[in-house]
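Shown below: run-v3.txt, with compact mmCIF, N, CA and C atoms.
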```
# COMPACT_ATOMS: atom_id res chain seq x y z
N MET A 242 0.83 -1.19 0.00
CA MET A 242 0.00 0.00 0.00
C MET A 242 0.87 1.26 0.00
N PHE A 243 1.97 1.22 0.78
CA PHE A 243 2.84 2.39 0.86
C PHE A 243 3.44 2.79 -0.49
N PRO A 244 3.88 1.83 -1.32
CA PRO A 244 4.42 2.23 -2.63
C PRO A 244 3.39 2.93 -3.51
N VAL A 245 2.14 2.50 -3.40
CA VAL A 245 1.08 3.13 -4.19
C VAL A 245 0.87 4.57 -3.73
N VAL A 246 0.84 4.78 -2.44
CA VAL A 246 0.66 6.13 -1.90
C VAL A 246 1.86 7.00 -2.26
N MET A 247 3.04 6.43 -2.21
CA MET A 247 4.26 7.19 -2.54
C MET A 247 4.26 7.58 -4.02
N ARG A 248 3.89 6.68 -4.89
CA ARG A 248 3.81 7.00 -6.32
C ARG A 248 2.75 8.05 -6.59
N PHE A 249 1.63 7.95 -5.91
CA PHE A 249 0.58 8.95 -6.08
C PHE A 249 1.05 10.32 -5.60
N ALA A 250 1.77 10.37 -4.50
CA ALA A 250 2.29 11.64 -3.99
C ALA A 250 3.30 12.24 -4.96
N ILE A 251 4.16 11.40 -5.52
CA ILE A 251 5.14 11.88 -6.50
C ILE A 251 4.42 12.38 -7.75
N LEU A 252 3.40 11.66 -8.19
CA LEU A 252 2.62 12.08 -9.36
C LEU A 252 1.99 13.45 -9.13
N ILE A 253 1.39 13.63 -7.97
CA ILE A 253 0.75 14.92 -7.66
C ILE A 253 1.80 16.03 -7.59
N ALA A 254 2.97 15.73 -7.03
CA ALA A 254 4.02 16.74 -6.96
C ALA A 254 4.51 17.14 -8.35
N VAL A 255 4.71 16.17 -9.22
CA VAL A 255 5.15 16.47 -10.59
C VAL A 255 4.08 17.24 -11.34
N LEU A 256 2.83 16.80 -11.22
CA LEU A 256 1.74 17.50 -11.91
C LEU A 256 1.57 18.92 -11.36
N SER A 257 1.78 19.11 -10.07
CA SER A 257 1.69 20.46 -9.49
C SER A 257 2.79 21.36 -10.05
N ALA A 258 3.99 20.82 -10.17
CA ALA A 258 5.09 21.61 -10.73
C ALA A 258 4.79 21.98 -12.19
N ILE A 259 4.26 21.06 -12.95
CA ILE A 259 3.90 21.34 -14.35
C ILE A 259 2.80 22.39 -14.41
N TYR A 260 1.80 22.25 -13.53
CA TYR A 260 0.69 23.21 -13.51
C TYR A 260 1.17 24.61 -13.16
N ILE A 261 2.05 24.71 -12.18
CA ILE A 261 2.58 26.02 -11.78
C ILE A 261 3.40 26.63 -12.91
N ALA A 262 4.24 25.81 -13.55
CA ALA A 262 5.07 26.32 -14.65
C ALA A 262 4.20 26.76 -15.83
N LEU A 263 3.21 25.97 -16.19
CA LEU A 263 2.33 26.36 -17.30
C LEU A 263 1.51 27.59 -16.96
N GLY A 264 1.03 27.68 -15.73
CA GLY A 264 0.27 28.86 -15.30
C GLY A 264 1.12 30.11 -15.34
N TRP A 265 2.35 30.01 -14.86
CA TRP A 265 3.26 31.15 -14.89
C TRP A 265 3.56 31.57 -16.32
N TYR A 266 3.86 30.61 -17.18
CA TYR A 266 4.19 30.92 -18.57
C TYR A 266 2.97 31.52 -19.29
N SER A 267 1.81 30.96 -19.06
CA SER A 267 0.59 31.45 -19.71
C SER A 267 0.29 32.89 -19.27
N ARG A 268 0.44 33.17 -18.00
CA ARG A 268 0.20 34.53 -17.49
C ARG A 268 1.24 35.50 -18.04
N TRP A 269 2.50 35.09 -18.09
CA TRP A 269 3.57 35.93 -18.64
C TRP A 269 3.30 36.23 -20.11
N ASP A 270 2.88 35.22 -20.87
CA ASP A 270 2.59 35.41 -22.28
C ASP A 270 1.40 36.36 -22.48
N LYS A 271 0.39 36.23 -21.64
CA LYS A 271 -0.78 37.13 -21.73
C LYS A 271 -0.37 38.56 -21.42
N ILE A 272 0.46 38.76 -20.41
CA ILE A 272 0.95 40.10 -20.08
C ILE A 272 1.73 40.68 -21.24
N ARG A 273 2.58 39.88 -21.84
CA ARG A 273 3.39 40.33 -22.99
C ARG A 273 2.49 40.73 -24.15
N ARG A 274 1.46 39.92 -24.43
CA ARG A 274 0.54 40.26 -25.53
C ARG A 274 -0.26 41.52 -25.22
N LEU A 275 -0.71 41.67 -23.97
CA LEU A 275 -1.46 42.88 -23.60
C LEU A 275 -0.59 44.12 -23.70
N GLU A 276 0.67 44.02 -23.30
CA GLU A 276 1.56 45.17 -23.41
C GLU A 276 1.82 45.54 -24.86
N SER A 277 1.95 44.55 -25.73
CA SER A 277 2.17 44.86 -27.15
C SER A 277 0.90 45.44 -27.78
N GLU A 278 -0.28 44.97 -27.34
CA GLU A 278 -1.53 45.56 -27.83
C GLU A 278 -1.62 47.02 -27.41
N HIS A 279 -1.26 47.31 -26.16
CA HIS A 279 -1.33 48.69 -25.68
C HIS A 279 -0.33 49.56 -26.43
N ALA A 280 0.84 49.02 -26.72
CA ALA A 280 1.85 49.78 -27.45
C ALA A 280 1.42 50.06 -28.89
N SER A 281 0.59 49.18 -29.46
CA SER A 281 0.12 49.39 -30.83
C SER A 281 -1.06 50.34 -30.91
N GLY A 282 -1.58 50.79 -29.77
CA GLY A 282 -2.62 51.81 -29.78
C GLY A 282 -3.96 51.38 -29.21
N GLN A 283 -4.14 50.11 -28.92
CA GLN A 283 -5.40 49.69 -28.33
C GLN A 283 -5.43 50.10 -26.86
N GLY A 284 -6.57 50.52 -26.40
CA GLY A 284 -6.70 50.91 -25.00
C GLY A 284 -5.91 52.15 -24.65
N ALA A 285 -5.81 53.09 -25.59
CA ALA A 285 -4.99 54.28 -25.37
C ALA A 285 -5.54 55.17 -24.25
N ALA A 286 -6.84 55.03 -23.93
CA ALA A 286 -7.42 55.85 -22.87
C ALA A 286 -6.94 55.40 -21.49
N LEU A 287 -6.42 54.18 -21.40
CA LEU A 287 -5.94 53.65 -20.12
C LEU A 287 -4.42 53.67 -20.08
N THR A 288 -3.88 53.70 -18.88
CA THR A 288 -2.43 53.55 -18.77
C THR A 288 -2.08 52.09 -19.06
N ARG A 289 -0.81 51.84 -19.30
CA ARG A 289 -0.38 50.48 -19.64
C ARG A 289 -0.71 49.52 -18.50
N GLU A 290 -0.46 49.94 -17.26
CA GLU A 290 -0.72 49.08 -16.11
C GLU A 290 -2.21 48.77 -15.96
N ASP A 291 -3.06 49.80 -16.16
CA ASP A 291 -4.50 49.58 -16.06
C ASP A 291 -5.00 48.65 -17.17
N TYR A 292 -4.48 48.83 -18.39
CA TYR A 292 -4.88 47.99 -19.51
C TYR A 292 -4.49 46.54 -19.25
N VAL A 293 -3.28 46.32 -18.75
CA VAL A 293 -2.82 44.97 -18.48
C VAL A 293 -3.62 44.35 -17.33
N SER A 294 -3.88 45.11 -16.28
CA SER A 294 -4.63 44.56 -15.16
C SER A 294 -6.06 44.21 -15.55
N LYS A 295 -6.69 45.02 -16.41
CA LYS A 295 -8.04 44.68 -16.88
C LYS A 295 -8.01 43.42 -17.75
N GLY A 296 -6.98 43.30 -18.57
CA GLY A 296 -6.84 42.11 -19.40
C GLY A 296 -6.58 40.86 -18.58
N LEU A 297 -5.83 40.99 -17.49
CA LEU A 297 -5.55 39.84 -16.64
C LEU A 297 -6.78 39.41 -15.85
N VAL A 298 -7.64 40.36 -15.49
CA VAL A 298 -8.88 39.99 -14.81
C VAL A 298 -9.73 39.14 -15.75
N ALA A 299 -9.81 39.55 -17.01
CA ALA A 299 -10.55 38.76 -17.98
C ALA A 299 -9.89 37.40 -18.21
N TYR A 300 -8.57 37.36 -18.19
CA TYR A 300 -7.84 36.11 -18.39
C TYR A 300 -8.09 35.14 -17.24
N GLU A 301 -8.15 35.64 -16.01
CA GLU A 301 -8.36 34.77 -14.85
C GLU A 301 -9.71 34.06 -14.91
N ARG A 302 -10.68 34.65 -15.61
CA ARG A 302 -12.01 34.03 -15.73
C ARG A 302 -12.17 33.27 -17.04
N SER A 303 -11.13 33.19 -17.85
CA SER A 303 -11.26 32.62 -19.19
C SER A 303 -11.16 31.09 -19.16
N TRP A 304 -11.59 30.49 -20.26
CA TRP A 304 -11.49 29.04 -20.43
C TRP A 304 -10.04 28.61 -20.53
N GLU A 305 -9.21 29.47 -21.10
CA GLU A 305 -7.79 29.16 -21.24
C GLU A 305 -7.19 28.84 -19.88
N ARG A 306 -7.52 29.61 -18.91
CA ARG A 306 -7.00 29.41 -17.54
C ARG A 306 -7.57 28.13 -16.93
N LYS A 307 -8.86 27.88 -17.15
CA LYS A 307 -9.50 26.71 -16.57
C LYS A 307 -9.01 25.41 -17.24
N LEU A 308 -8.61 25.50 -18.50
CA LEU A 308 -8.12 24.31 -19.19
C LEU A 308 -6.80 23.81 -18.61
N LEU A 309 -6.08 24.67 -17.91
CA LEU A 309 -4.84 24.22 -17.28
C LEU A 309 -5.09 23.14 -16.22
N LEU A 310 -6.31 23.09 -15.69
CA LEU A 310 -6.62 22.05 -14.71
C LEU A 310 -6.58 20.67 -15.35
N GLY A 311 -6.60 20.61 -16.67
CA GLY A 311 -6.45 19.34 -17.38
C GLY A 311 -5.12 18.68 -17.09
N VAL A 312 -4.16 19.44 -16.62
CA VAL A 312 -2.86 18.89 -16.24
C VAL A 312 -3.05 17.86 -15.13
N PHE A 313 -4.00 18.07 -14.24
CA PHE A 313 -4.28 17.12 -13.17
C PHE A 313 -5.28 16.06 -13.61
N ILE A 314 -6.31 16.47 -14.30
CA ILE A 314 -7.43 15.58 -14.59
C ILE A 314 -7.06 14.51 -15.61
N LEU A 315 -6.44 14.88 -16.73
CA LEU A 315 -6.17 13.91 -17.79
C LEU A 315 -5.23 12.78 -17.37
N PRO A 316 -4.10 13.04 -16.74
CA PRO A 316 -3.24 11.91 -16.33
C PRO A 316 -3.90 11.00 -15.29
N VAL A 317 -4.65 11.56 -14.38
CA VAL A 317 -5.31 10.74 -13.36
C VAL A 317 -6.38 9.86 -14.02
N LEU A 318 -7.16 10.44 -14.94
CA LEU A 318 -8.16 9.65 -15.66
C LEU A 318 -7.50 8.56 -16.51
N ALA A 319 -6.38 8.88 -17.14
CA ALA A 319 -5.67 7.88 -17.94
C ALA A 319 -5.16 6.75 -17.06
N ALA A 320 -4.61 7.06 -15.90
CA ALA A 320 -4.13 6.03 -14.98
C ALA A 320 -5.27 5.16 -14.48
N LEU A 321 -6.39 5.79 -14.16
CA LEU A 321 -7.55 5.01 -13.72
C LEU A 321 -8.06 4.10 -14.84
N GLY A 322 -8.09 4.63 -16.05
CA GLY A 322 -8.53 3.82 -17.19
C GLY A 322 -7.62 2.63 -17.43
N ILE A 323 -6.32 2.85 -17.35
CA ILE A 323 -5.36 1.76 -17.53
C ILE A 323 -5.51 0.74 -16.42
N ALA A 324 -5.72 1.19 -15.20
CA ALA A 324 -5.90 0.27 -14.08
C ALA A 324 -7.17 -0.56 -14.26
N LEU A 325 -8.24 0.06 -14.71
CA LEU A 325 -9.48 -0.68 -14.95
C LEU A 325 -9.33 -1.70 -16.06
N VAL A 326 -8.68 -1.32 -17.13
CA VAL A 326 -8.48 -2.26 -18.24
C VAL A 326 -7.57 -3.41 -17.81
N ALA A 327 -6.54 -3.11 -17.02
CA ALA A 327 -5.64 -4.15 -16.56
C ALA A 327 -6.33 -5.13 -15.62
N ASN A 328 -7.25 -4.63 -14.80
CA ASN A 328 -7.92 -5.51 -13.84
C ASN A 328 -9.12 -6.25 -14.43
N TYR A 329 -9.87 -5.58 -15.28
CA TYR A 329 -11.11 -6.16 -15.78
C TYR A 329 -11.13 -6.43 -17.27
N GLY A 330 -10.03 -6.13 -17.97
CA GLY A 330 -10.01 -6.25 -19.42
C GLY A 330 -9.59 -7.54 -19.93
```
Starting from the file, give its structure as structure tokens.
Amino acid sequence: MFPVVMRFAILIAVLSAIYIALGWYSRWDKIRRLESEHASGQGAALTREDYVSKGLVAYERSWERKLLLGVFILPVLAALGIALVANYG
């Protein structure tokens, strides 16, 4: 039982690191795109910081952000599926 729990803990740790890295990169990329949009003239009525912060608020509620949770869901579902097929297939 202990090896199973240990592997599960390692899996969660690796998936958490991937999730954090992807979240950081995605947020950095969104900030970069918003800053280039502001520099090209969009949102000229707002300061650069206000334009970026408004864009990040919209990003935090977007599907793109929620899809990152697939980093946890898909591997766990795949492992469960493989375990079911191995036991009952």
What are the closest atom pairs, with distances in Å to one decimal, for all residues of stretch 289-320 of chain A lying within 6.5 Å of stretch 252-276 of chain A? Consider only N, CA and C atoms, order rows by chain and residue number, and present the result as JSON lines.
```
{"residue": "A:Tyr292", "atom": "C", "partner": "A:Leu275", "partner_atom": "C", "distance": 6.4}
{"residue": "A:Val293", "atom": "CA", "partner": "A:Leu275", "partner_atom": "CA", "distance": 5.7}
{"residue": "A:Leu309", "atom": "C", "partner": "A:Tyr260", "partner_atom": "CA", "distance": 6.4}
{"residue": "A:Val312", "atom": "C", "partner": "A:Leu256", "partner_atom": "CA", "distance": 5.8}
{"residue": "A:Phe313", "atom": "CA", "partner": "A:Leu256", "partner_atom": "CA", "distance": 6.2}
```
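Atom CA of A:Val317 lies 12.6 Å from atom CA of A:Ile251.
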Running DSSP on the backbone, which parts of stretch 254-330 of chain A land in alpha helix (DSSP H), as a PDB file with N, CA and C atoms, keeping the file's coordinate frame?
```pdb
ATOM      1  N   ALA A 254       2.970  15.730  -7.030  1.00  0.00           N
ATOM      2  CA  ALA A 254       4.020  16.740  -6.960  1.00  0.00           C
ATOM      3  C   ALA A 254       4.510  17.140  -8.350  1.00  0.00           C
ATOM      4  N   VAL A 255       4.710  16.170  -9.220  1.00  0.00           N
ATOM      5  CA  VAL A 255       5.150  16.470 -10.590  1.00  0.00           C
ATOM      6  C   VAL A 255       4.080  17.240 -11.340  1.00  0.00           C
ATOM      7  N   LEU A 256       2.830  16.800 -11.220  1.00  0.00           N
ATOM      8  CA  LEU A 256       1.740  17.500 -11.910  1.00  0.00           C
ATOM      9  C   LEU A 256       1.570  18.920 -11.360  1.00  0.00           C
ATOM     10  N   SER A 257       1.780  19.110 -10.070  1.00  0.00           N
ATOM     11  CA  SER A 257       1.690  20.460  -9.490  1.00  0.00           C
ATOM     12  C   SER A 257       2.790  21.360 -10.050  1.00  0.00           C
ATOM     13  N   ALA A 258       3.990  20.820 -10.170  1.00  0.00           N
ATOM     14  CA  ALA A 258       5.090  21.610 -10.730  1.00  0.00           C
ATOM     15  C   ALA A 258       4.790  21.980 -12.190  1.00  0.00           C
ATOM     16  N   ILE A 259       4.260  21.060 -12.950  1.00  0.00           N
ATOM     17  CA  ILE A 259       3.900  21.340 -14.350  1.00  0.00           C
ATOM     18  C   ILE A 259       2.800  22.390 -14.410  1.00  0.00           C
ATOM     19  N   TYR A 260       1.800  22.250 -13.530  1.00  0.00           N
ATOM     20  CA  TYR A 260       0.690  23.210 -13.510  1.00  0.00           C
ATOM     21  C   TYR A 260       1.170  24.610 -13.160  1.00  0.00           C
ATOM     22  N   ILE A 261       2.050  24.710 -12.180  1.00  0.00           N
ATOM     23  CA  ILE A 261       2.580  26.020 -11.780  1.00  0.00           C
ATOM     24  C   ILE A 261       3.400  26.630 -12.910  1.00  0.00           C
ATOM     25  N   ALA A 262       4.240  25.810 -13.550  1.00  0.00           N
ATOM     26  CA  ALA A 262       5.070  26.320 -14.650  1.00  0.00           C
ATOM     27  C   ALA A 262       4.200  26.760 -15.830  1.00  0.00           C
ATOM     28  N   LEU A 263       3.210  25.970 -16.190  1.00  0.00           N
ATOM     29  CA  LEU A 263       2.330  26.360 -17.300  1.00  0.00           C
ATOM     30  C   LEU A 263       1.510  27.590 -16.960  1.00  0.00           C
ATOM     31  N   GLY A 264       1.030  27.680 -15.730  1.00  0.00           N
ATOM     32  CA  GLY A 264       0.270  28.860 -15.300  1.00  0.00           C
ATOM     33  C   GLY A 264       1.120  30.110 -15.340  1.00  0.00           C
ATOM     34  N   TRP A 265       2.350  30.010 -14.860  1.00  0.00           N
ATOM     35  CA  TRP A 265       3.260  31.150 -14.890  1.00  0.00           C
ATOM     36  C   TRP A 265       3.560  31.570 -16.320  1.00  0.00           C
ATOM     37  N   TYR A 266       3.860  30.610 -17.180  1.00  0.00           N
ATOM     38  CA  TYR A 266       4.190  30.920 -18.570  1.00  0.00           C
ATOM     39  C   TYR A 266       2.970  31.520 -19.290  1.00  0.00           C
ATOM     40  N   SER A 267       1.810  30.960 -19.060  1.00  0.00           N
ATOM     41  CA  SER A 267       0.590  31.450 -19.710  1.00  0.00           C
ATOM     42  C   SER A 267       0.290  32.890 -19.270  1.00  0.00           C
ATOM     43  N   ARG A 268       0.440  33.170 -18.000  1.00  0.00           N
ATOM     44  CA  ARG A 268       0.200  34.530 -17.490  1.00  0.00           C
ATOM     45  C   ARG A 268       1.240  35.500 -18.040  1.00  0.00           C
ATOM     46  N   TRP A 269       2.500  35.090 -18.090  1.00  0.00           N
ATOM     47  CA  TRP A 269       3.570  35.930 -18.640  1.00  0.00           C
ATOM     48  C   TRP A 269       3.300  36.230 -20.110  1.00  0.00           C
ATOM     49  N   ASP A 270       2.880  35.220 -20.870  1.00  0.00           N
ATOM     50  CA  ASP A 270       2.590  35.410 -22.280  1.00  0.00           C
ATOM     51  C   ASP A 270       1.400  36.360 -22.480  1.00  0.00           C
ATOM     52  N   LYS A 271       0.390  36.230 -21.640  1.00  0.00           N
ATOM     53  CA  LYS A 271      -0.780  37.130 -21.730  1.00  0.00           C
ATOM     54  C   LYS A 271      -0.370  38.560 -21.420  1.00  0.00           C
ATOM     55  N   ILE A 272       0.460  38.760 -20.410  1.00  0.00           N
ATOM     56  CA  ILE A 272       0.950  40.100 -20.080  1.00  0.00           C
ATOM     57  C   ILE A 272       1.730  40.680 -21.240  1.00  0.00           C
ATOM     58  N   ARG A 273       2.580  39.880 -21.840  1.00  0.00           N
ATOM     59  CA  ARG A 273       3.390  40.330 -22.990  1.00  0.00           C
ATOM     60  C   ARG A 273       2.490  40.730 -24.150  1.00  0.00           C
ATOM     61  N   ARG A 274       1.460  39.920 -24.430  1.00  0.00           N
ATOM     62  CA  ARG A 274       0.540  40.260 -25.530  1.00  0.00           C
ATOM     63  C   ARG A 274      -0.260  41.520 -25.220  1.00  0.00           C
ATOM     64  N   LEU A 275      -0.710  41.670 -23.970  1.00  0.00           N
ATOM     65  CA  LEU A 275      -1.460  42.880 -23.600  1.00  0.00           C
ATOM     66  C   LEU A 275      -0.590  44.120 -23.700  1.00  0.00           C
ATOM     67  N   GLU A 276       0.670  44.020 -23.300  1.00  0.00           N
ATOM     68  CA  GLU A 276       1.560  45.170 -23.410  1.00  0.00           C
ATOM     69  C   GLU A 276       1.820  45.540 -24.860  1.00  0.00           C
ATOM     70  N   SER A 277       1.950  44.550 -25.730  1.00  0.00           N
ATOM     71  CA  SER A 277       2.170  44.860 -27.150  1.00  0.00           C
ATOM     72  C   SER A 277       0.900  45.440 -27.780  1.00  0.00           C
ATOM     73  N   GLU A 278      -0.280  44.970 -27.340  1.00  0.00           N
ATOM     74  CA  GLU A 278      -1.530  45.560 -27.830  1.00  0.00           C
ATOM     75  C   GLU A 278      -1.620  47.020 -27.410  1.00  0.00           C
ATOM     76  N   HIS A 279      -1.260  47.310 -26.160  1.00  0.00           N
ATOM     77  CA  HIS A 279      -1.330  48.690 -25.680  1.00  0.00           C
ATOM     78  C   HIS A 279      -0.330  49.560 -26.430  1.00  0.00           C
ATOM     79  N   ALA A 280       0.840  49.020 -26.720  1.00  0.00           N
ATOM     80  CA  ALA A 280       1.850  49.780 -27.450  1.00  0.00           C
ATOM     81  C   ALA A 280       1.420  50.060 -28.890  1.00  0.00           C
ATOM     82  N   ARG A 289      -0.810  51.840 -19.300  1.00  0.00           N
ATOM     83  CA  ARG A 289      -0.380  50.480 -19.640  1.00  0.00           C
ATOM     84  C   ARG A 289      -0.710  49.520 -18.500  1.00  0.00           C
ATOM     85  N   GLU A 290      -0.460  49.940 -17.260  1.00  0.00           N
ATOM     86  CA  GLU A 290      -0.720  49.080 -16.110  1.00  0.00           C
ATOM     87  C   GLU A 290      -2.210  48.770 -15.960  1.00  0.00           C
ATOM     88  N   ASP A 291      -3.060  49.800 -16.160  1.00  0.00           N
ATOM     89  CA  ASP A 291      -4.500  49.580 -16.060  1.00  0.00           C
ATOM     90  C   ASP A 291      -5.000  48.650 -17.170  1.00  0.00           C
ATOM     91  N   TYR A 292      -4.480  48.830 -18.390  1.00  0.00           N
ATOM     92  CA  TYR A 292      -4.880  47.990 -19.510  1.00  0.00           C
ATOM     93  C   TYR A 292      -4.490  46.540 -19.250  1.00  0.00           C
ATOM     94  N   VAL A 293      -3.280  46.320 -18.750  1.00  0.00           N
ATOM     95  CA  VAL A 293      -2.820  44.970 -18.480  1.00  0.00           C
ATOM     96  C   VAL A 293      -3.620  44.350 -17.330  1.00  0.00           C
ATOM     97  N   SER A 294      -3.880  45.110 -16.280  1.00  0.00           N
ATOM     98  CA  SER A 294      -4.630  44.560 -15.160  1.00  0.00           C
ATOM     99  C   SER A 294      -6.060  44.210 -15.550  1.00  0.00           C
ATOM    100  N   LYS A 295      -6.690  45.020 -16.410  1.00  0.00           N
ATOM    101  CA  LYS A 295      -8.040  44.680 -16.880  1.00  0.00           C
ATOM    102  C   LYS A 295      -8.010  43.420 -17.750  1.00  0.00           C
ATOM    103  N   GLY A 296      -6.980  43.300 -18.570  1.00  0.00           N
ATOM    104  CA  GLY A 296      -6.840  42.110 -19.400  1.00  0.00           C
ATOM    105  C   GLY A 296      -6.580  40.860 -18.580  1.00  0.00           C
ATOM    106  N   LEU A 297      -5.830  40.990 -17.490  1.00  0.00           N
ATOM    107  CA  LEU A 297      -5.550  39.840 -16.640  1.00  0.00           C
ATOM    108  C   LEU A 297      -6.780  39.410 -15.850  1.00  0.00           C
ATOM    109  N   VAL A 298      -7.640  40.360 -15.490  1.00  0.00           N
ATOM    110  CA  VAL A 298      -8.880  39.990 -14.810  1.00  0.00           C
ATOM    111  C   VAL A 298      -9.730  39.140 -15.750  1.00  0.00           C
ATOM    112  N   ALA A 299      -9.810  39.550 -17.010  1.00  0.00           N
ATOM    113  CA  ALA A 299     -10.550  38.760 -17.980  1.00  0.00           C
ATOM    114  C   ALA A 299      -9.890  37.400 -18.210  1.00  0.00           C
ATOM    115  N   TYR A 300      -8.570  37.360 -18.190  1.00  0.00           N
ATOM    116  CA  TYR A 300      -7.840  36.110 -18.390  1.00  0.00           C
ATOM    117  C   TYR A 300      -8.090  35.140 -17.240  1.00  0.00           C
ATOM    118  N   GLU A 301      -8.150  35.640 -16.010  1.00  0.00           N
ATOM    119  CA  GLU A 301      -8.360  34.770 -14.850  1.00  0.00           C
ATOM    120  C   GLU A 301      -9.710  34.060 -14.910  1.00  0.00           C
ATOM    121  N   TRP A 304     -11.590  30.490 -20.260  1.00  0.00           N
ATOM    122  CA  TRP A 304     -11.490  29.040 -20.430  1.00  0.00           C
ATOM    123  C   TRP A 304     -10.040  28.610 -20.530  1.00  0.00           C
ATOM    124  N   GLU A 305      -9.210  29.470 -21.100  1.00  0.00           N
ATOM    125  CA  GLU A 305      -7.790  29.160 -21.240  1.00  0.00           C
ATOM    126  C   GLU A 305      -7.190  28.840 -19.880  1.00  0.00           C
ATOM    127  N   ARG A 306      -7.520  29.610 -18.910  1.00  0.00           N
ATOM    128  CA  ARG A 306      -7.000  29.410 -17.540  1.00  0.00           C
ATOM    129  C   ARG A 306      -7.570  28.130 -16.930  1.00  0.00           C
ATOM    130  N   LYS A 307      -8.860  27.880 -17.150  1.00  0.00           N
ATOM    131  CA  LYS A 307      -9.500  26.710 -16.570  1.00  0.00           C
ATOM    132  C   LYS A 307      -9.010  25.410 -17.240  1.00  0.00           C
ATOM    133  N   LEU A 308      -8.610  25.500 -18.500  1.00  0.00           N
ATOM    134  CA  LEU A 308      -8.120  24.310 -19.190  1.00  0.00           C
ATOM    135  C   LEU A 308      -6.800  23.810 -18.610  1.00  0.00           C
ATOM    136  N   GLY A 311      -6.600  20.610 -16.670  1.00  0.00           N
ATOM    137  CA  GLY A 311      -6.450  19.340 -17.380  1.00  0.00           C
ATOM    138  C   GLY A 311      -5.120  18.680 -17.090  1.00  0.00           C
ATOM    139  N   VAL A 312      -4.160  19.440 -16.620  1.00  0.00           N
ATOM    140  CA  VAL A 312      -2.860  18.890 -16.240  1.00  0.00           C
ATOM    141  C   VAL A 312      -3.050  17.860 -15.130  1.00  0.00           C
ATOM    142  N   PHE A 313      -4.000  18.070 -14.240  1.00  0.00           N
ATOM    143  CA  PHE A 313      -4.280  17.120 -13.170  1.00  0.00           C
ATOM    144  C   PHE A 313      -5.280  16.060 -13.610  1.00  0.00           C
ATOM    145  N   ILE A 314      -6.310  16.470 -14.300  1.00  0.00           N
ATOM    146  CA  ILE A 314      -7.430  15.580 -14.590  1.00  0.00           C
ATOM    147  C   ILE A 314      -7.060  14.510 -15.610  1.00  0.00           C
ATOM    148  N   LEU A 315      -6.440  14.880 -16.730  1.00  0.00           N
ATOM    149  CA  LEU A 315      -6.170  13.910 -17.790  1.00  0.00           C
ATOM    150  C   LEU A 315      -5.230  12.780 -17.370  1.00  0.00           C
ATOM    151  N   PRO A 316      -4.100  13.040 -16.740  1.00  0.00           N
ATOM    152  CA  PRO A 316      -3.240  11.910 -16.330  1.00  0.00           C
ATOM    153  C   PRO A 316      -3.900  11.000 -15.290  1.00  0.00           C
ATOM    154  N   VAL A 317      -4.650  11.560 -14.380  1.00  0.00           N
ATOM    155  CA  VAL A 317      -5.310  10.740 -13.360  1.00  0.00           C
ATOM    156  C   VAL A 317      -6.380   9.860 -14.020  1.00  0.00           C
ATOM    157  N   LEU A 318      -7.160  10.440 -14.940  1.00  0.00           N
ATOM    158  CA  LEU A 318      -8.160   9.650 -15.660  1.00  0.00           C
ATOM    159  C   LEU A 318      -7.500   8.560 -16.510  1.00  0.00           C
ATOM    160  N   ALA A 319      -6.380   8.880 -17.140  1.00  0.00           N
ATOM    161  CA  ALA A 319      -5.670   7.880 -17.940  1.00  0.00           C
ATOM    162  C   ALA A 319      -5.160   6.750 -17.060  1.00  0.00           C
ATOM    163  N   ALA A 320      -4.610   7.060 -15.900  1.00  0.00           N
ATOM    164  CA  ALA A 320      -4.130   6.030 -14.980  1.00  0.00           C
ATOM    165  C   ALA A 320      -5.270   5.160 -14.480  1.00  0.00           C
ATOM    166  N   LEU A 321      -6.390   5.790 -14.160  1.00  0.00           N
ATOM    167  CA  LEU A 321      -7.550   5.010 -13.720  1.00  0.00           C
ATOM    168  C   LEU A 321      -8.060   4.100 -14.840  1.00  0.00           C
ATOM    169  N   GLY A 322      -8.090   4.630 -16.050  1.00  0.00           N
ATOM    170  CA  GLY A 322      -8.530   3.820 -17.190  1.00  0.00           C
ATOM    171  C   GLY A 322      -7.620   2.630 -17.430  1.00  0.00           C
ATOM    172  N   ILE A 323      -6.320   2.850 -17.350  1.00  0.00           N
ATOM    173  CA  ILE A 323      -5.360   1.760 -17.530  1.00  0.00           C
ATOM    174  C   ILE A 323      -5.510   0.740 -16.420  1.00  0.00           C
ATOM    175  N   ALA A 324      -5.720   1.190 -15.200  1.00  0.00           N
ATOM    176  CA  ALA A 324      -5.900   0.270 -14.080  1.00  0.00           C
ATOM    177  C   ALA A 324      -7.170  -0.560 -14.260  1.00  0.00           C
ATOM    178  N   LEU A 325      -8.240   0.060 -14.710  1.00  0.00           N
ATOM    179  CA  LEU A 325      -9.480  -0.680 -14.950  1.00  0.00           C
ATOM    180  C   LEU A 325      -9.330  -1.700 -16.060  1.00  0.00           C
ATOM    181  N   VAL A 326      -8.680  -1.320 -17.130  1.00  0.00           N
ATOM    182  CA  VAL A 326      -8.480  -2.260 -18.240  1.00  0.00           C
ATOM    183  C   VAL A 326      -7.570  -3.410 -17.810  1.00  0.00           C
ATOM    184  N   ALA A 327      -6.540  -3.110 -17.020  1.00  0.00           N
ATOM    185  CA  ALA A 327      -5.640  -4.150 -16.560  1.00  0.00           C
ATOM    186  C   ALA A 327      -6.330  -5.130 -15.620  1.00  0.00           C
ATOM    187  N   ASN A 328      -7.250  -4.630 -14.800  1.00  0.00           N
ATOM    188  CA  ASN A 328      -7.920  -5.510 -13.840  1.00  0.00           C
ATOM    189  C   ASN A 328      -9.120  -6.250 -14.430  1.00  0.00           C
ATOM    190  N   TYR A 329      -9.870  -5.580 -15.280  1.00  0.00           N
ATOM    191  CA  TYR A 329     -11.110  -6.160 -15.780  1.00  0.00           C
ATOM    192  C   TYR A 329     -11.130  -6.430 -17.270  1.00  0.00           C
TER     193      TYR A 329
END
```
### Query
Any idea what the distance is between atom C of A:Val246 and atom N of A:Leu310?
22.5 Å
### Task
To one decimal in Å, tell me the separation between atom CA of A:Ser277 and atom N of A:Arg289.
10.9 Å
